[in-house]
>>> print(open('upload06.csv').read())   # CSV, C-alpha atoms and all ligand atoms
chain,number,residue,atom,x,y,z
A,1,MET,CA,0.0,0.0,0.0
A,2,SER,CA,1.3,3.5,-0.9
A,3,ASN,CA,2.4,5.7,2.0
A,4,ASN,CA,1.5,8.8,-0.1
A,5,ILE,CA,5.2,9.9,0.4
A,6,GLU,CA,7.1,7.6,-1.9
A,7,GLY,CA,8.1,9.3,-5.1
A,8,LYS,CA,6.8,12.7,-4.1
A,9,VAL,CA,9.0,15.7,-5.0
A,10,VAL,CA,9.4,17.7,-1.8
A,11,VAL,CA,11.1,21.1,-1.7
A,12,ILE,CA,12.3,22.1,1.8
A,13,THR,CA,13.7,25.6,2.7
A,14,GLY,CA,16.0,25.8,5.7
A,15,ALA,CA,17.1,22.2,5.1
A,16,SER,CA,20.7,22.8,6.4
A,17,SER,CA,19.9,22.2,10.1
A,18,GLY,CA,17.2,21.5,12.6
A,19,LEU,CA,13.6,20.8,11.5
A,20,GLY,CA,14.3,21.0,7.8
A,21,GLU,CA,17.3,18.6,7.9
A,22,ALA,CA,15.4,16.1,10.1
A,23,THR,CA,12.4,16.3,7.7
A,24,ALA,CA,14.6,15.7,4.6
A,25,ARG,CA,16.1,12.6,6.3
A,26,LEU,CA,12.7,11.1,7.3
A,27,LEU,CA,11.0,11.8,4.0
A,28,SER,CA,14.0,10.5,2.0
A,29,ALA,CA,14.0,7.3,4.0
A,30,GLN,CA,10.3,7.0,3.1
A,31,GLY,CA,11.0,7.3,-0.6
A,32,ALA,CA,10.4,11.1,-1.3
A,33,ARG,CA,12.7,12.9,-3.7
A,34,VAL,CA,13.9,15.9,-1.7
A,35,VAL,CA,15.1,19.3,-3.0
A,36,LEU,CA,17.1,21.1,-0.3
A,37,GLY,CA,17.4,24.9,0.0
A,38,ALA,CA,19.5,27.0,2.4
A,39,ARG,CA,22.4,29.5,2.4
A,40,ARG,CA,25.0,27.1,3.9
A,41,VAL,CA,25.5,25.1,0.7
A,42,ASN,CA,28.2,22.8,2.2
A,43,ARG,CA,25.6,21.5,4.7
A,44,ILE,CA,22.8,20.8,2.2
A,45,GLN,CA,25.3,19.4,-0.4
A,46,SER,CA,26.7,16.9,2.1
A,47,LEU,CA,23.2,16.0,3.3
A,48,ALA,CA,22.1,15.4,-0.4
A,49,ASN,CA,25.2,13.3,-0.9
A,50,GLU,CA,24.4,11.2,2.2
A,51,LEU,CA,20.8,10.7,1.2
A,52,THR,CA,21.9,9.7,-2.3
A,53,ALA,CA,24.5,7.3,-1.0
A,54,ASN,CA,21.7,5.7,1.0
A,55,GLY,CA,19.7,5.1,-2.1
A,56,GLY,CA,17.5,8.3,-2.1
A,57,LYS,CA,17.2,11.1,-4.6
A,58,ALA,CA,18.2,14.5,-3.4
A,59,LEU,CA,19.3,17.8,-4.8
A,60,ALA,CA,20.9,20.8,-3.0
A,61,ILE,CA,20.4,24.4,-4.3
A,62,THR,CA,21.9,27.4,-2.5
A,63,THR,CA,18.9,29.6,-1.5
A,64,ASP,CA,18.4,32.7,0.5
A,65,VAL,CA,14.7,32.9,1.0
A,66,THR,CA,14.7,36.7,1.3
A,67,HIS,CA,15.3,36.8,-2.5
A,68,TYR,CA,12.3,35.8,-4.5
A,69,ASP,CA,14.5,35.0,-7.6
A,70,GLN,CA,16.5,32.5,-5.5
A,71,VAL,CA,13.4,30.7,-4.1
A,72,LYS,CA,11.9,30.6,-7.7
A,73,ARG,CA,15.2,29.1,-8.9
A,74,LEU,CA,15.0,26.4,-6.1
A,75,VAL,CA,11.5,25.4,-7.1
A,76,ASP,CA,12.2,25.6,-10.9
A,77,ALA,CA,15.2,23.3,-10.3
A,78,ALA,CA,13.0,20.7,-8.6
A,79,VAL,CA,10.6,20.8,-11.5
A,80,GLN,CA,13.4,20.7,-14.1
A,81,THR,CA,15.1,17.7,-12.4
A,82,TYR,CA,12.1,15.7,-11.3
A,83,GLY,CA,9.3,16.9,-13.5
A,84,ARG,CA,6.9,18.2,-10.8
A,85,ILE,CA,6.6,19.6,-7.3
A,86,ASP,CA,4.3,17.8,-4.9
A,87,VAL,CA,5.1,19.5,-1.6
A,88,MET,CA,6.6,22.9,-0.7
A,89,ILE,CA,7.8,23.1,2.9
A,90,ASN,CA,8.3,26.8,3.8
A,91,ASN,CA,10.5,26.1,6.9
A,92,ALA,CA,13.4,28.6,6.9
A,93,GLY,CA,13.1,30.9,9.9
A,94,LEU,CA,14.9,33.0,12.5
A,95,MET,CA,14.1,33.8,16.1
A,96,LEU,CA,15.7,37.1,17.2
A,97,HIS,CA,13.9,37.7,20.5
A,98,SER,CA,14.3,41.1,22.2
A,99,PRO,CA,12.0,43.6,24.0
A,100,LEU,CA,10.7,46.2,21.6
A,101,GLU,CA,12.2,49.0,23.7
A,102,ARG,CA,15.7,47.8,22.7
A,103,LEU,CA,14.9,49.0,19.1
A,104,LYS,CA,16.6,46.2,17.3
A,105,VAL,CA,15.3,47.5,14.0
A,106,ASP,CA,17.7,45.5,11.9
A,107,ASP,CA,16.6,42.3,13.7
A,108,TRP,CA,12.9,43.1,13.1
A,109,ASN,CA,13.6,43.6,9.4
A,110,ARG,CA,15.5,40.3,9.1
A,111,THR,CA,12.8,38.4,11.0
A,112,ILE,CA,10.1,39.8,8.8
A,113,ASP,CA,12.1,39.2,5.6
A,114,VAL,CA,12.8,35.6,6.4
A,115,ASN,CA,9.8,34.5,8.4
A,116,ILE,CA,7.0,36.2,6.4
A,117,LYS,CA,8.4,37.2,3.0
A,118,GLY,CA,10.3,33.9,2.7
A,119,VAL,CA,7.1,32.0,3.2
A,120,LEU,CA,5.3,34.2,0.6
A,121,TYR,CA,8.1,33.7,-1.9
A,122,GLY,CA,7.9,29.9,-1.4
A,123,ILE,CA,4.1,30.1,-2.1
A,124,ALA,CA,4.7,32.3,-5.1
A,125,ALA,CA,7.3,29.9,-6.5
A,126,ALA,CA,5.3,26.7,-6.0
A,127,LEU,CA,1.7,27.8,-6.7
A,128,PRO,CA,1.8,28.2,-10.5
A,129,TYR,CA,3.1,24.6,-10.9
A,130,MET,CA,0.6,23.2,-8.4
A,131,ARG,CA,-2.3,25.0,-10.1
A,132,GLN,CA,-1.2,23.6,-13.4
A,133,GLN,CA,-0.8,20.1,-11.9
A,134,LYS,CA,-4.2,20.4,-10.1
A,135,ALA,CA,-2.4,18.8,-7.2
A,136,GLY,CA,0.1,19.8,-4.5
A,137,HIS,CA,0.6,20.5,-0.8
A,138,ILE,CA,2.0,23.6,0.8
A,139,ILE,CA,3.3,23.2,4.4
A,140,ASN,CA,4.2,26.4,6.3
A,141,VAL,CA,6.1,26.4,9.6
A,142,SER,CA,4.6,28.6,12.3
A,143,SER,CA,5.2,28.1,16.1
A,144,VAL,CA,3.6,28.1,19.5
A,145,ALA,CA,4.5,31.8,19.1
A,146,GLY,CA,1.9,31.9,16.3
A,147,HIS,CA,-0.6,31.3,19.0
A,148,LYS,CA,0.8,33.2,22.0
A,149,VAL,CA,3.0,36.3,22.6
A,150,ARG,CA,5.3,36.9,25.5
A,151,PRO,CA,7.5,39.9,26.5
A,152,GLY,CA,10.5,39.9,24.2
A,153,SER,CA,8.8,37.8,21.4
A,154,ALA,CA,6.5,40.4,19.8
A,155,VAL,CA,8.1,40.6,16.4
A,156,TYR,CA,8.8,36.8,16.1
A,157,ALA,CA,5.3,36.1,17.4
A,158,ALA,CA,3.9,38.6,14.9
A,159,THR,CA,5.6,36.8,12.0
A,160,LYS,CA,4.4,33.4,13.2
A,161,HIS,CA,0.8,34.7,13.6
A,162,ALA,CA,1.2,36.0,10.0
A,163,VAL,CA,2.2,32.6,8.8
A,164,ARG,CA,-1.0,31.1,10.2
A,165,VAL,CA,-3.1,33.8,8.6
A,166,ILE,CA,-1.4,33.4,5.3
A,167,SER,CA,-1.9,29.7,5.5
A,168,GLU,CA,-5.6,30.0,6.2
A,169,GLY,CA,-6.1,32.5,3.4
A,170,LEU,CA,-4.2,30.2,1.1
A,171,ARG,CA,-6.3,27.2,2.2
A,172,GLN,CA,-9.5,29.0,1.2
A,173,GLU,CA,-8.1,30.3,-2.1
A,174,VAL,CA,-6.6,27.0,-3.5
A,175,LYS,CA,-9.7,24.8,-3.1
A,176,PRO,CA,-10.3,24.9,-6.9
A,177,TYR,CA,-6.9,23.5,-7.6
A,178,ASN,CA,-6.9,20.5,-5.3
A,179,ILE,CA,-4.0,21.8,-3.3
A,180,ARG,CA,-3.6,20.9,0.4
A,181,THR,CA,-2.3,23.3,3.0
A,182,THR,CA,-0.9,22.6,6.4
A,183,VAL,CA,0.5,24.9,9.0
A,184,ILE,CA,2.6,23.3,11.7
A,185,SER,CA,3.3,25.1,15.0
A,186,PRO,CA,6.0,23.4,17.1
A,187,GLY,CA,6.9,24.1,20.7
A,188,ALA,CA,10.5,23.9,21.9
A,189,VAL,CA,12.4,21.5,19.6
A,190,ALA,CA,16.2,21.0,19.9
A,191,THR,CA,17.7,22.8,16.9
A,192,GLU,CA,20.1,25.7,16.2
A,193,LEU,CA,17.3,28.2,16.4
A,194,PRO,CA,18.2,29.6,19.9
A,195,ASN,CA,21.7,30.5,18.5
A,196,SER,CA,20.1,33.2,16.3
A,197,VAL,CA,19.2,35.3,19.5
A,198,THR,CA,21.6,38.2,19.5
A,199,GLU,CA,20.9,39.6,23.1
A,200,PRO,CA,22.9,37.7,25.7
A,201,ASP,CA,20.4,38.0,28.6
A,202,ILE,CA,17.6,36.8,26.4
A,203,ALA,CA,19.7,34.0,24.9
A,204,GLU,CA,20.3,32.8,28.5
A,205,ASN,CA,16.5,32.7,29.2
A,206,ILE,CA,15.9,30.8,26.0
A,207,ARG,CA,18.5,28.2,26.8
A,208,LYS,CA,16.6,27.5,30.0
A,209,VAL,CA,13.3,27.2,28.1
A,210,TYR,CA,15.0,24.8,25.7
A,211,ALA,CA,16.2,22.5,28.4
A,212,ILE,CA,13.1,20.5,27.8
A,213,ALA,CA,13.3,20.6,24.0
A,214,ILE,CA,12.4,17.5,22.1
A,215,PRO,CA,14.2,16.0,19.1
A,216,ALA,CA,13.7,17.5,15.6
A,217,GLU,CA,12.3,14.1,14.4
A,218,SER,CA,9.1,15.1,16.3
A,219,PHE,CA,8.5,17.7,13.7
A,220,ALA,CA,9.4,15.5,10.8
A,221,ARG,CA,6.8,13.0,11.9
A,222,THR,CA,4.1,15.6,11.8
A,223,VAL,CA,5.1,16.4,8.2
A,224,ALA,CA,4.9,12.8,7.3
A,225,PHE,CA,1.5,12.5,9.0
A,226,ALA,CA,0.0,15.3,7.0
A,227,MET,CA,1.6,14.2,3.7
A,228,SER,CA,0.6,10.5,4.2
A,229,GLN,CA,-3.2,11.2,4.5
A,230,PRO,CA,-5.3,10.1,1.5
A,231,ASP,CA,-5.5,12.9,-1.1
A,232,ASP,CA,-9.0,13.9,-0.1
A,233,VAL,CA,-7.9,14.5,3.5
A,234,ASP,CA,-6.4,17.9,4.2
A,235,VAL,CA,-4.7,18.3,7.6
A,236,ASN,CA,-4.8,22.1,8.0
A,237,GLU,CA,-3.1,22.7,11.3
A,238,ILE,CA,-0.9,20.9,13.8
A,239,LEU,CA,0.2,22.4,17.2
A,240,PHE,CA,2.6,20.3,19.3
A,241,ARG,CA,4.9,20.8,22.3
A,242,PRO,CA,7.2,18.9,24.5
A,243,THR,CA,4.9,17.2,27.1
A,244,ARG,CA,6.7,19.2,29.8
A,245,GLN,CA,6.3,22.7,28.1
A,246,ASP,CA,3.9,24.9,30.0
A,247,LEU,CA,3.7,28.0,27.7
A,301,LIG,N1,13.1,24.7,17.1
A,301,LIG,C1,12.0,25.2,17.6
A,301,LIG,O1,11.8,25.1,18.9
A,301,LIG,C2,11.0,25.9,16.8
A,301,LIG,C3,9.7,26.1,17.4
A,301,LIG,C4,8.7,26.7,16.6
A,301,LIG,C5,9.0,27.1,15.3
A,301,LIG,N2,10.2,26.8,14.8
A,301,LIG,C6,10.4,27.2,13.4
A,301,LIG,O2,11.0,26.1,12.7
A,301,LIG,C7,11.7,26.6,11.5
A,301,LIG,C8,13.0,25.9,11.4
A,301,LIG,O3,13.9,26.3,12.5
A,301,LIG,P1,14.8,25.3,13.3
A,301,LIG,O4,14.3,25.2,14.6
A,301,LIG,O5,15.1,24.1,12.5
A,301,LIG,O6,16.1,26.2,13.4
A,301,LIG,P2,17.6,26.1,12.8
A,301,LIG,O7,18.2,24.8,13.1
A,301,LIG,O8,18.3,27.4,13.2
A,301,LIG,O9,17.3,26.1,11.2
A,301,LIG,C9,16.9,27.3,10.6
A,301,LIG,C10,17.0,27.0,9.1
A,301,LIG,O10,16.6,28.2,8.4
A,301,LIG,C11,17.5,28.5,7.4
A,301,LIG,N3,17.5,30.0,7.1
A,301,LIG,C12,17.7,31.0,8.0
A,301,LIG,N4,17.7,32.2,7.3
A,301,LIG,C13,17.6,31.8,6.0
A,301,LIG,C14,17.6,32.5,4.7
A,301,LIG,N5,17.7,33.9,4.7
A,301,LIG,N6,17.4,31.9,3.6
A,301,LIG,C15,17.4,30.5,3.6
A,301,LIG,N7,17.4,29.8,4.7
A,301,LIG,C16,17.5,30.4,5.9
A,301,LIG,C17,18.9,28.1,8.0
A,301,LIG,O11,19.7,27.8,6.9
A,301,LIG,P3,21.0,28.7,6.5
A,301,LIG,O12,21.5,29.4,7.7
A,301,LIG,O13,22.0,27.7,6.0
A,301,LIG,O14,20.5,29.6,5.4
A,301,LIG,C18,18.4,26.8,8.7
A,301,LIG,O15,18.5,25.7,7.8
A,301,LIG,C19,11.8,28.1,11.7
A,301,LIG,O16,10.8,28.7,10.9
A,301,LIG,C20,11.4,28.3,13.2
A,301,LIG,O17,10.8,29.6,13.4
A,301,LIG,C21,11.2,26.2,15.5
>>> encode(input="upload06.csv", output="structure tokens", more="lines below")
Ligand SMILES: NC(=O)c1ccc[n+]([C@@H]2O[C@H](COP(=O)([O-])OP(=O)(O)OC[C@H]3O[C@@H](n4cnc5c(N)ncnc54)[C@H](OP(=O)(O)O)[C@@H]3O)[C@@H](O)[C@H]2O)c1
Amino acid sequence: MSNNIEGKVVVITGASSGLGEATARLLSAQGARVVLGARRVNRIQSLANELTANGGKALAITTDVTHYDQVKRLVDAAVQTYGRIDVMINNAGLMLHSPLERLKVDDWNRTIDVNIKGVLYGIAAALPYMRQQKAGHIINVSSVAGHKVRPGSAVYAATKHAVRVISEGLRQEVKPYNIRTTVISPGAVATELPNSVTEPDIAENIRKVYAIAIPAESFARTVAFAMSQPDDVDVNEILFRPTRQDL
């Protein structure tokens, strides 16, 4: 019986570490053809080599998601190489927590550029192909911060709320094209994400919160769950946390 993953062409942004890397590994092991995008090309190239050596099909394309032309090139490469795109996972993200009064305007801009515009660019790059195919699946990565805001997380939480709103708008708009949409909101998962925090005192607090973080495979399994449903089942939203996480 088909797992509805085998043979699918899956583009993943932010595939060089954390959730994206774990998802590439799991989906490749289940037979997907994965197309990996990130800025750190050495990382995605060695991951692609490893997956290929294990019998999978994988392609690595240097991609900065703040540039629409680069995201388009990533998706175009998937279609040129494998003939189609079945799943677009808009996963690349940054978490630059700081209280608003510190006026970290450059951090705000970077967060908005990667977490919101990067997701929109992924949608823009994949949607024309999926419309034409009359099939596809767009998976966007939000966060518990897409449901809750805390002091210090206003900008990050705003971007992750935006990802949920964009996903719901997209869901309603793509009904005629047989495209599925899923937004996944993880709690604390052990990745390199806390390293992006630039304020030392905030970074220290986040390290404490992440003491209970769960492995990145937890996220990869939620992707596999959504993808593996029959084509007439659209899992629209998943929110998960470490069992011990209170927020
Ligand atoms: N870990 C958690 O607890 C958690 C919880 C909720 C939500 N999330 C979300 O999960 C997603 C993945 O994060 P992670 O936890 O796996 O963190 P991570 O290990 O730091 O990975 C982040 C990924 O995003 C990529 N990225 C950052 N800026 C980019 C850019 N301009 N262009 C292309 N790629 C870029 C990085 O690749 P390069 O640096 O190589 O470009 C990296 O592959 C993010 O959207 C994050 O907000 C994570």
>>> atom_distance(input="upload06.csv", atom1="atom CA of Leu94 of chain A", atom2="atom O1 of ligand LIG 301 (chain A)")
10.6 Å
>>> atom_distance(input="upload06.csv", atom1="atom CA of Ile202 of chain A", atom2="atom CA of Asn140 of chain A")
26.3 Å
>>> closest_atom_pairs(input="upload06.csv", of="chain A", to="ligand LIG 301 (chain A)", cutoff="8 Å", atoms="all atoms listed in the file", output="CSV")
residue,atom,partner,partner_atom,distance
A:Thr13,CA,A:LIG301,N7,5.9
A:Gly14,CA,A:LIG301,O15,3.3
A:Ala15,CA,A:LIG301,O15,4.6
A:Ser16,CA,A:LIG301,O15,3.9
A:Ser17,CA,A:LIG301,O7,4.3
A:Gly18,CA,A:LIG301,O5,3.3
A:Leu19,CA,A:LIG301,O5,3.8
A:Gly20,CA,A:LIG301,O5,5.7
A:Glu21,CA,A:LIG301,O15,7.2
A:Gly37,CA,A:LIG301,C15,6.7
A:Ala38,CA,A:LIG301,O14,4.1
A:Arg39,CA,A:LIG301,O14,3.6
A:Arg40,CA,A:LIG301,O13,3.7
A:Val41,CA,A:LIG301,O13,6.9
A:Arg43,CA,A:LIG301,O13,7.3
A:Ile44,CA,A:LIG301,O13,7.9
A:Thr63,CA,A:LIG301,C15,5.4
A:Asp64,CA,A:LIG301,N6,3.4
A:Val65,CA,A:LIG301,N6,3.9
A:Thr66,CA,A:LIG301,N5,5.3
A:Asn90,CA,A:LIG301,O16,7.8
A:Asn91,CA,A:LIG301,O16,4.8
A:Ala92,CA,A:LIG301,O10,3.6
A:Gly93,CA,A:LIG301,O16,3.3
A:Leu94,CA,A:LIG301,O17,5.4
A:Met95,CA,A:LIG301,O17,6.0
A:Asp113,CA,A:LIG301,N5,7.8
A:Val114,CA,A:LIG301,N5,5.5
A:Asn115,CA,A:LIG301,O16,6.4
A:Gly118,CA,A:LIG301,N6,7.4
A:Val141,CA,A:LIG301,O16,5.4
A:Ser142,CA,A:LIG301,C5,5.5
A:Ser143,CA,A:LIG301,C4,3.8
A:Val144,CA,A:LIG301,C4,6.0
A:Ala145,CA,A:LIG301,C4,7.1
A:Tyr156,CA,A:LIG301,O17,7.9
A:Lys160,CA,A:LIG301,O17,7.4
A:Ser185,CA,A:LIG301,C4,5.9
A:Pro186,CA,A:LIG301,C4,4.3
A:Gly187,CA,A:LIG301,C3,4.8
A:Ala188,CA,A:LIG301,O1,3.5
A:Val189,CA,A:LIG301,O1,3.7
A:Ala190,CA,A:LIG301,N1,5.6
A:Thr191,CA,A:LIG301,O7,4.3
A:Glu192,CA,A:LIG301,O7,3.7
A:Leu193,CA,A:LIG301,O8,3.4
A:Pro194,CA,A:LIG301,O8,7.1
A:Asn195,CA,A:LIG301,O8,7.0
A:Ser196,CA,A:LIG301,O8,6.8
A:Tyr210,CA,A:LIG301,O1,7.5
A:Ala213,CA,A:LIG301,O1,7.0
A:Ala216,CA,A:LIG301,N1,7.4
>>> closest_atom_pairs(input="upload06.csv", of="segment 57-121 of chain A", to="segment 128-136 of chain A", cutoff="10 Å", atoms="all atoms listed in the file", output="JSON lines")
{"residue": "A:Val75", "atom": "CA", "partner": "A:Tyr129", "partner_atom": "CA", "distance": 9.3}
{"residue": "A:Asp76", "atom": "CA", "partner": "A:Tyr129", "partner_atom": "CA", "distance": 9.2}
{"residue": "A:Val79", "atom": "CA", "partner": "A:Tyr129", "partner_atom": "CA", "distance": 8.4}
{"residue": "A:Arg84", "atom": "CA", "partner": "A:Tyr129", "partner_atom": "CA", "distance": 7.4}
{"residue": "A:Ile85", "atom": "CA", "partner": "A:Gly136", "partner_atom": "CA", "distance": 7.1}
{"residue": "A:Asp86", "atom": "CA", "partner": "A:Gly136", "partner_atom": "CA", "distance": 4.7}
{"residue": "A:Val87", "atom": "CA", "partner": "A:Gly136", "partner_atom": "CA", "distance": 5.8}
{"residue": "A:Met88", "atom": "CA", "partner": "A:Gly136", "partner_atom": "CA", "distance": 8.1}
>>> atom_distance(input="upload06.csv", atom1="atom CA of Ala58 of chain A", atom2="atom CA of Val34 of chain A")
4.8 Å
>>> residues_around(input="upload06.csv", residues="Asn4 of chain A", least_positions_apart="2", cutoff="10 Å", atoms="only C-alpha atoms", output="PDB file with C-alpha atoms, in the coordinates of the input")
ATOM      1  CA  MET A   1       0.000   0.000   0.000  1.00  0.00           C
ATOM      2  CA  SER A   2       1.300   3.500  -0.900  1.00  0.00           C
ATOM      3  CA  GLU A   6       7.100   7.600  -1.900  1.00  0.00           C
ATOM      4  CA  GLY A   7       8.100   9.300  -5.100  1.00  0.00           C
ATOM      5  CA  LYS A   8       6.800  12.700  -4.100  1.00  0.00           C
ATOM      6  CA  GLN A  30      10.300   7.000   3.100  1.00  0.00           C
ATOM      7  CA  GLY A  31      11.000   7.300  -0.600  1.00  0.00           C
ATOM      8  CA  ALA A  32      10.400  11.100  -1.300  1.00  0.00           C
ATOM      9  CA  ALA A 224       4.900  12.800   7.300  1.00  0.00           C
ATOM     10  CA  PHE A 225       1.500  12.500   9.000  1.00  0.00           C
ATOM     11  CA  ALA A 226       0.000  15.300   7.000  1.00  0.00           C
ATOM     12  CA  MET A 227       1.600  14.200   3.700  1.00  0.00           C
ATOM     13  CA  SER A 228       0.600  10.500   4.200  1.00  0.00           C
ATOM     14  CA  GLN A 229      -3.200  11.200   4.500  1.00  0.00           C
ATOM     15  CA  PRO A 230      -5.300  10.100   1.500  1.00  0.00           C
ATOM     16  CA  ASP A 231      -5.500  12.900  -1.100  1.00  0.00           C
TER      17      ASP A 231
END
>>> closest_residue(input="upload06.csv", among="A:Lys104, A:His97, A:Lys208, A:Lys57", to="Ala157 of chain A", atoms="all atoms listed in the file")
A:His97
>>> closest_residue(input="upload06.csv", among="A:Arg150, A:Arg25, A:Ala162, A:Arg221", to="Leu247 of chain A", atoms="only C-alpha atoms")
A:Arg150
>>> residues_around(input="upload06.csv", residues="Asp234 of chain A", least_positions_apart="5", cutoff="10 Å", atoms="only C-alpha atoms", output="PyMOL selection string")
chain A and resi 137+171+178-182+226-227+229
>>> closest_residue(input="upload06.csv", among="A:Asp201, A:Val235, A:Val71, A:Arg241", to="Ile214 of chain A", atoms="all atoms listed in the file")
A:Arg241
>>> closest_residue(input="upload06.csv", among="A:Ala203, A:Trp108, A:Val35, A:Glu217", to="Gln80 of chain A", atoms="all atoms listed in the file")
A:Val35
>>> closest_residue(input="upload06.csv", among="A:Thr198, A:Thr81, A:Gln70, A:Gln45", to="Arg33 of chain A", atoms="only C-alpha atoms")
A:Thr81
>>> closest_residue(input="upload06.csv", among="A:Thr62, A:Ser218, A:Thr159, A:Asn3", to="Arg110 of chain A", atoms="only C-alpha atoms")
A:Thr159
